Each structure stands twice: as structure tokens, then as C-alpha cells.
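For reference, the structure is listed below as C-alpha cells.
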Amino acid sequence: MRSLGLIERYRPYLPVTPDTHIVSLHEGSTPLIPAFKLSAAIHPKVEVYLKYEGLNPTGSFKDRGMTMAVTKALEEGYKVVMCASTGNTSASAAAYAARAGMQCAVLIPEGKIALGKLSQAMIHGAKVIQIRGNFDDALKLVRRVCEEHPIALVNSVNPFRIEGQKTGAFEIIEEFDGFAPDFQAMPVGNAGNITAYWKGYREFFDLGKSKNLPRMLGFQAAGAAPIVLGAPVEKPQTIATAIRIGNPASWKQAVAARDESEGLIGMVTDHQIKEAYKVLAATEGVFCEPASAAGVAGLFKLSEAGFFDNIEPVHGDFIRVVCILTGHGLKDPDNAISVAEETITVDANQDAILRPLNLDAVPA
Ligand SMILES: *Cc1c(COP(=O)(O)O)cnc(C)c1O
């Protein structure tokens with residue numbers, strides 16, 4: 001499956017024709033990894049699965065939307081694509097534009113984007129413009145520019161992005177043999193992804209390919225939680241730069257996904273995000289970026305409040321929860337290094353290296 005790319009895999013459900021030239025880097029078909037220790041830590045009745053979207057070609061779920069958006073931009077005759085980005089959209093747009101032979105321009109908030117993401121946009125040959133402003137300012141600008149010039153906007157306000165991203169839900173349902181999980185937990189930034197997943201779940205449910213619908217659990221960072229607070233946040237702040245957004249473009253759709261699914265949108269502090277980020281890496285061996293850990297942080301928070309105590313599984317013995325790990329940890333090595341234990345430096349001899357290993361303390 002991996003070798004197909006998601007447009008080929010889900011062609012009947014996507015707006016392409018036999019003549020459409022598909023721009024693909026063989027995205028999608030990402031693993032759904034059972035997280036045994038995390039499940040036990042969260043709740044005895046809960047079974048957590050990690051949808052590891054960091055394994056997409058440019059290291060985030062944005063590739064699902066970008067294969068569709070760039071494919072359609074090319075089909076419609078555009079020669080230039082443009083986006084505002086907290087980082088991953090620019091990395092993905094730059095890669096797919098390079099693949100399509102199109103020009104790409106990206107607007108990013110100055111100094112607020114993880115180094116890995118910046119390096120991607122640059123090496124793929126995008127015109128990278130840093131603005132003295134935040135993501136919301138950048139999006140306003142590119143929307144205007146794309147309205148007034150022949151440039152395709154490839155942010156998630158582009159409906160083709162949502163079409164591509166909804167395939168994540170299809171993959172999860174197929175992996176569970178025709179069931180959606182009881183809950184899906186995920187970070188919410190500009191809110192395109194929660195919109196897309198809910199659309200995907202509903203489509204497969206309406207087609208009879210899924211026996212149930214999940215309840216959607218979205219999490220914003222406490223310093224960037226406009227949907228939770230019910231008002232735009234002027235100066236959003238969080239270490240989870242991918243969700244550092246004060247006025248989500250898909251706000252209404254996210255609220256609809258929440259309400260129609262009987263789910264919730266909550267918030268988690270940077271401290272809770274960092275703890276979940278470390279737990280994922282240290283106990284499950286899965287390295288995601290800080291924003292991606294917001295969903296897992298949210299599960300811990302809900303569980304501590306007794307949320308899962310009175311919930312019955314849809315089928316089987318466990319409450320199934322899928323966490324969307326939206327981006328790869330290598331995107332943002334600075335954050336990993338700053339939250340992890342420090343390295344040590346010793347002389348180059350055996351005694352010196354054995355001492356810190358403290359082998360006497362390891363059970364035989
Ligand atoms: C874009 C992004 C998000 C937020 O997704 P939205 O669709 O904007 O809500 C979360 N995590 C990562 C890693 C991202 O790149």
C-alpha cells in the first residue's frame with residue numbers, strides 16, 4: 001500500500017479524473033501503532049493507538065492535503081503556489097511544488113518556526129518570506145495576494161487540502177476492519193485537520209464502510225486556545241509552534257465536528273504538552289513534535305478528571321482511542337534537546353563510561 005500514494009489508494013473518494021496528472025510523493029498509509037504502556041498509564045479501560053503522521057514524506061500530515069492541493073493547482077493551470085505557515089505547510093508545499101515543477105512562496109512568522117521545517121522549505125527551493133507578525137497575519141496577507149494574483153493558495157482553507165487529509169480517517173477505519181475508534185484525540189491549530197478527519201469519518205459511515213462514528217477530542221495549547229475561550233487570541237504563545245494560532249480559519253467547522261460527534265475541544269498547558277512529548281518518546285519509542293503531543297496530553301488530562309470512568313466501549317472490551325501524531329520529532333530538535341536529560345562528557349576509558357551507567361542498579 002505504501003508505494004501507491006493516497007490519491008491512487010482512495011481515487012473513488014477524491015475529486016480527480018482519469019486525466020488528472022497526480023503529484024505525489026507516496027504519502028499516506030502511515031502506521032497505526034498500539035501504545036501499550038501509554039494505554040495503561042491513561043486508563044485501564046483505554047486502548048491507545050498512535051497514527052504516526054510524522055512518517056509522511058516531508059514529516060507531517062500536511063502532505064495528505066498537499067498532494068491534492070498541488071495536483072489540482074497544476075490541473076487548473078497555476079504556475080505558482082503560496083501559503084502562510086507555522087512551518088509544516090511550507091515544508092510540504094515546497095516539496096510538492098518542486099515535484100510538480102511549480103514555483104512556491106511561503107510566508108512564515110519571523111523566528112517562530114522550527115529549524116527542521118525552515119530547512120525543508122529552503123532546500124526545496126521555495127521563496128521563503130519571514131514576516132514581522134504571527135501566523136494569523138501571514139494567512140490574511142496570502143489570502144489577499146492569492147485573490148488578486150494568479151497564485152494558488154494551498155493553506156487548509158483550500159478545499160482540496162481537506163479532501164486529501166480526510167483519507168487519514170479512511171485508513172484508520174480500514175485498519176480496524178470497518179470500525180471507527182471510540183475517540184480520536186488530536187491537536188487543533190488552524191483546525192483544518194479536525195475538519196478533514198470528521199469529514200472522512202462521516203463519509204465512510206454514510207457509505208456503510210464504517211459501523212460507527214468516533215467522538216472527536218481536539219486540544220489547543222493553553223496560550224493559543226481561541227476555540228476553548230470563545231474569542232480570538234491576539235498574541236498566541238506556546239512551545240508547540242505548529243498550533244500557535246489565535247484565529248483558526250476553520251473555527252466553525254471544528255466546532256461542528258465537536259458538536260456533531262459529541263466530542264470536545266479542550267486545552268493543555270505547555271507543561272502538559274512537554275510531559276506527553278517525553279512520555280511518547282521515552283516509553284513508546286515514538287518521537288513526534290511538541291504540537292503532536294497535545295492530543296496525548298489531553299487524554300491524560302481527561303483521564304485524571306475521571307472522563308473515561310463511566311464510558312462503555314463501542315465494541316469489544318476496551319475504549320479505543322486514536323491519537324493523531326501530526327508531525328515528526330526531528331522537525332524540532334531544539335525542543336527535544338531542551339526537555340531531555342543532558343548529555344555527559346567523560347574521559348575515553350572504560351571506568352569513566354561505566355560509572356554513569358550505574359549497572360549495579362539495573363535488575364538482573
Ligand atoms: C498543521 C499542524 C497542526 C495543526 O493542524 P490544523 O489543521 O492547523 O489544526 C498540528 N500539528 C502539526 C505538527 C502541524 O503541522
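By order of appearance in the C-alpha cells: chains A, B, ..., then residues from 1 within every chain, and ligands from 1 in the order shown.
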
Give me, as a PDB file with all heavy atoms, in the first residue's frame, all polymer residues having an atom no more than 9 Å from Phe300 in chain A, counting only C-alpha atoms and skipping those fewer than 3 positions away in the same chain.
ATOM      1  N   ALA A  41      -1.082   3.699  31.290  1.00  0.00           N
ATOM      2  CA  ALA A  41      -0.886   4.918  32.085  1.00  0.00           C
ATOM      3  C   ALA A  41      -2.120   5.814  32.037  1.00  0.00           C
ATOM      4  O   ALA A  41      -2.385   6.565  32.973  1.00  0.00           O
ATOM      5  CB  ALA A  41       0.342   5.677  31.583  1.00  0.00           C
ATOM      6  N   ILE A  42      -2.856   5.744  30.968  1.00  0.00           N
ATOM      7  CA  ILE A  42      -4.012   6.641  30.835  1.00  0.00           C
ATOM      8  C   ILE A  42      -5.248   6.093  31.548  1.00  0.00           C
ATOM      9  O   ILE A  42      -5.864   6.777  32.355  1.00  0.00           O
ATOM     10  CB  ILE A  42      -4.278   6.966  29.351  1.00  0.00           C
ATOM     11  CG1 ILE A  42      -3.194   7.944  28.855  1.00  0.00           C
ATOM     12  CG2 ILE A  42      -5.668   7.578  29.139  1.00  0.00           C
ATOM     13  CD1 ILE A  42      -3.213   8.266  27.400  1.00  0.00           C
ATOM     14  N   HIS A  43      -5.594   4.850  31.280  1.00  0.00           N
ATOM     15  CA  HIS A  43      -6.778   4.290  31.941  1.00  0.00           C
ATOM     16  C   HIS A  43      -6.847   2.781  31.672  1.00  0.00           C
ATOM     17  O   HIS A  43      -6.598   2.356  30.545  1.00  0.00           O
ATOM     18  CB  HIS A  43      -8.052   4.958  31.408  1.00  0.00           C
ATOM     19  CG  HIS A  43      -9.237   4.775  32.293  1.00  0.00           C
ATOM     20  ND1 HIS A  43     -10.028   3.645  32.244  1.00  0.00           N
ATOM     21  CD2 HIS A  43      -9.763   5.567  33.258  1.00  0.00           C
ATOM     22  CE1 HIS A  43     -10.996   3.762  33.142  1.00  0.00           C
ATOM     23  NE2 HIS A  43     -10.859   4.911  33.771  1.00  0.00           N
ATOM     24  N   GLN A 272       2.060  20.363  30.271  1.00  0.00           N
ATOM     25  CA  GLN A 272       1.397  19.082  29.967  1.00  0.00           C
ATOM     26  C   GLN A 272       1.820  18.554  28.591  1.00  0.00           C
ATOM     27  O   GLN A 272       1.986  17.345  28.401  1.00  0.00           O
ATOM     28  CB  GLN A 272      -0.123  19.259  30.039  1.00  0.00           C
ATOM     29  CG  GLN A 272      -0.626  19.462  31.464  1.00  0.00           C
ATOM     30  CD  GLN A 272      -2.080  19.927  31.539  1.00  0.00           C
ATOM     31  OE1 GLN A 272      -2.545  20.704  30.708  1.00  0.00           O
ATOM     32  NE2 GLN A 272      -2.793  19.450  32.550  1.00  0.00           N
ATOM     33  N   ALA A 276       3.783  14.895  27.891  1.00  0.00           N
ATOM     34  CA  ALA A 276       3.273  13.892  26.953  1.00  0.00           C
ATOM     35  C   ALA A 276       4.305  13.601  25.859  1.00  0.00           C
ATOM     36  O   ALA A 276       4.514  12.455  25.450  1.00  0.00           O
ATOM     37  CB  ALA A 276       1.964  14.377  26.336  1.00  0.00           C
ATOM     38  N   GLY A 295      -2.600  16.079  21.810  1.00  0.00           N
ATOM     39  CA  GLY A 295      -3.708  15.130  21.917  1.00  0.00           C
ATOM     40  C   GLY A 295      -3.497  14.149  23.059  1.00  0.00           C
ATOM     41  O   GLY A 295      -4.426  13.836  23.817  1.00  0.00           O
ATOM     42  N   VAL A 296      -2.267  13.672  23.186  1.00  0.00           N
ATOM     43  CA  VAL A 296      -1.943  12.725  24.254  1.00  0.00           C
ATOM     44  C   VAL A 296      -2.013  13.434  25.613  1.00  0.00           C
ATOM     45  O   VAL A 296      -2.540  12.896  26.582  1.00  0.00           O
ATOM     46  CB  VAL A 296      -0.544  12.101  24.010  1.00  0.00           C
ATOM     47  CG1 VAL A 296      -0.127  11.222  25.181  1.00  0.00           C
ATOM     48  CG2 VAL A 296      -0.548  11.302  22.708  1.00  0.00           C
ATOM     49  N   ALA A 297      -1.511  14.658  25.656  1.00  0.00           N
ATOM     50  CA  ALA A 297      -1.602  15.452  26.891  1.00  0.00           C
ATOM     51  C   ALA A 297      -3.067  15.616  27.292  1.00  0.00           C
ATOM     52  O   ALA A 297      -3.420  15.510  28.471  1.00  0.00           O
ATOM     53  CB  ALA A 297      -0.948  16.818  26.685  1.00  0.00           C
ATOM     54  N   SER A 303      -8.432  11.860  31.563  1.00  0.00           N
ATOM     55  CA  SER A 303      -8.446  10.670  32.395  1.00  0.00           C
ATOM     56  C   SER A 303      -8.351  11.044  33.875  1.00  0.00           C
ATOM     57  O   SER A 303      -9.064  10.489  34.722  1.00  0.00           O
ATOM     58  CB  SER A 303      -7.292   9.763  31.992  1.00  0.00           C
ATOM     59  OG  SER A 303      -7.329   8.606  32.774  1.00  0.00           O
ATOM     60  N   GLU A 304      -7.470  12.004  34.184  1.00  0.00           N
ATOM     61  CA  GLU A 304      -7.324  12.452  35.572  1.00  0.00           C
ATOM     62  C   GLU A 304      -8.639  13.034  36.111  1.00  0.00           C
ATOM     63  O   GLU A 304      -8.924  12.942  37.297  1.00  0.00           O
ATOM     64  CB  GLU A 304      -6.194  13.491  35.686  1.00  0.00           C
ATOM     65  CG  GLU A 304      -4.817  12.836  35.728  1.00  0.00           C
ATOM     66  CD  GLU A 304      -3.695  13.765  35.269  1.00  0.00           C
ATOM     67  OE1 GLU A 304      -3.849  15.002  35.358  1.00  0.00           O
ATOM     68  OE2 GLU A 304      -2.658  13.226  34.809  1.00  0.00           O
ATOM     69  N   ALA A 305      -9.441  13.594  35.227  1.00  0.00           N
ATOM     70  CA  ALA A 305     -10.731  14.167  35.653  1.00  0.00           C
ATOM     71  C   ALA A 305     -11.840  13.109  35.686  1.00  0.00           C
ATOM     72  O   ALA A 305     -13.005  13.429  35.916  1.00  0.00           O
ATOM     73  CB  ALA A 305     -11.109  15.310  34.717  1.00  0.00           C
TER      74      ALA A 305
END

Can I get the residues close to ligand 1 as JSON, numbers by chain, where close means within 6 Å and we count only C-alpha atoms and all ligand atoms? {"A": [60, 88, 187, 188, 189, 190, 191, 192, 193, 242, 243, 291, 292, 326, 327]}

Please report as JSON lines every residue of range 172-284 of chain A lying within 12 Å of range 100-121 of chain A, along with the nearest atom pair and their distance in Å (one decimal), using only C-alpha atoms.
{"residue": "A:Pro236", "atom": "CA", "partner": "A:Lys112", "partner_atom": "CA", "distance": 11.4}
{"residue": "A:Gln237", "atom": "CA", "partner": "A:Lys112", "partner_atom": "CA", "distance": 10.1}
{"residue": "A:Thr238", "atom": "CA", "partner": "A:Lys112", "partner_atom": "CA", "distance": 10.1}
{"residue": "A:Ile239", "atom": "CA", "partner": "A:Lys112", "partner_atom": "CA", "distance": 9.4}
{"residue": "A:Ala240", "atom": "CA", "partner": "A:Ala114", "partner_atom": "CA", "distance": 9.6}
{"residue": "A:Thr241", "atom": "CA", "partner": "A:Ile113", "partner_atom": "CA", "distance": 6.6}
{"residue": "A:Ala242", "atom": "CA", "partner": "A:Ile113", "partner_atom": "CA", "distance": 8.1}
{"residue": "A:Ile243", "atom": "CA", "partner": "A:Ile113", "partner_atom": "CA", "distance": 11.1}
{"residue": "A:Arg244", "atom": "CA", "partner": "A:Lys112", "partner_atom": "CA", "distance": 9.2}
{"residue": "A:Ile245", "atom": "CA", "partner": "A:Pro109", "partner_atom": "CA", "distance": 10.9}

Check the DSSP output for the backbone and give back, as a PyMOL selection string, the residues of range 204-330 of chain A in helix (DSSP H, G or I). chain A and resi 204-206+226-229+241-243+251-260+270-284+290-304+329-330
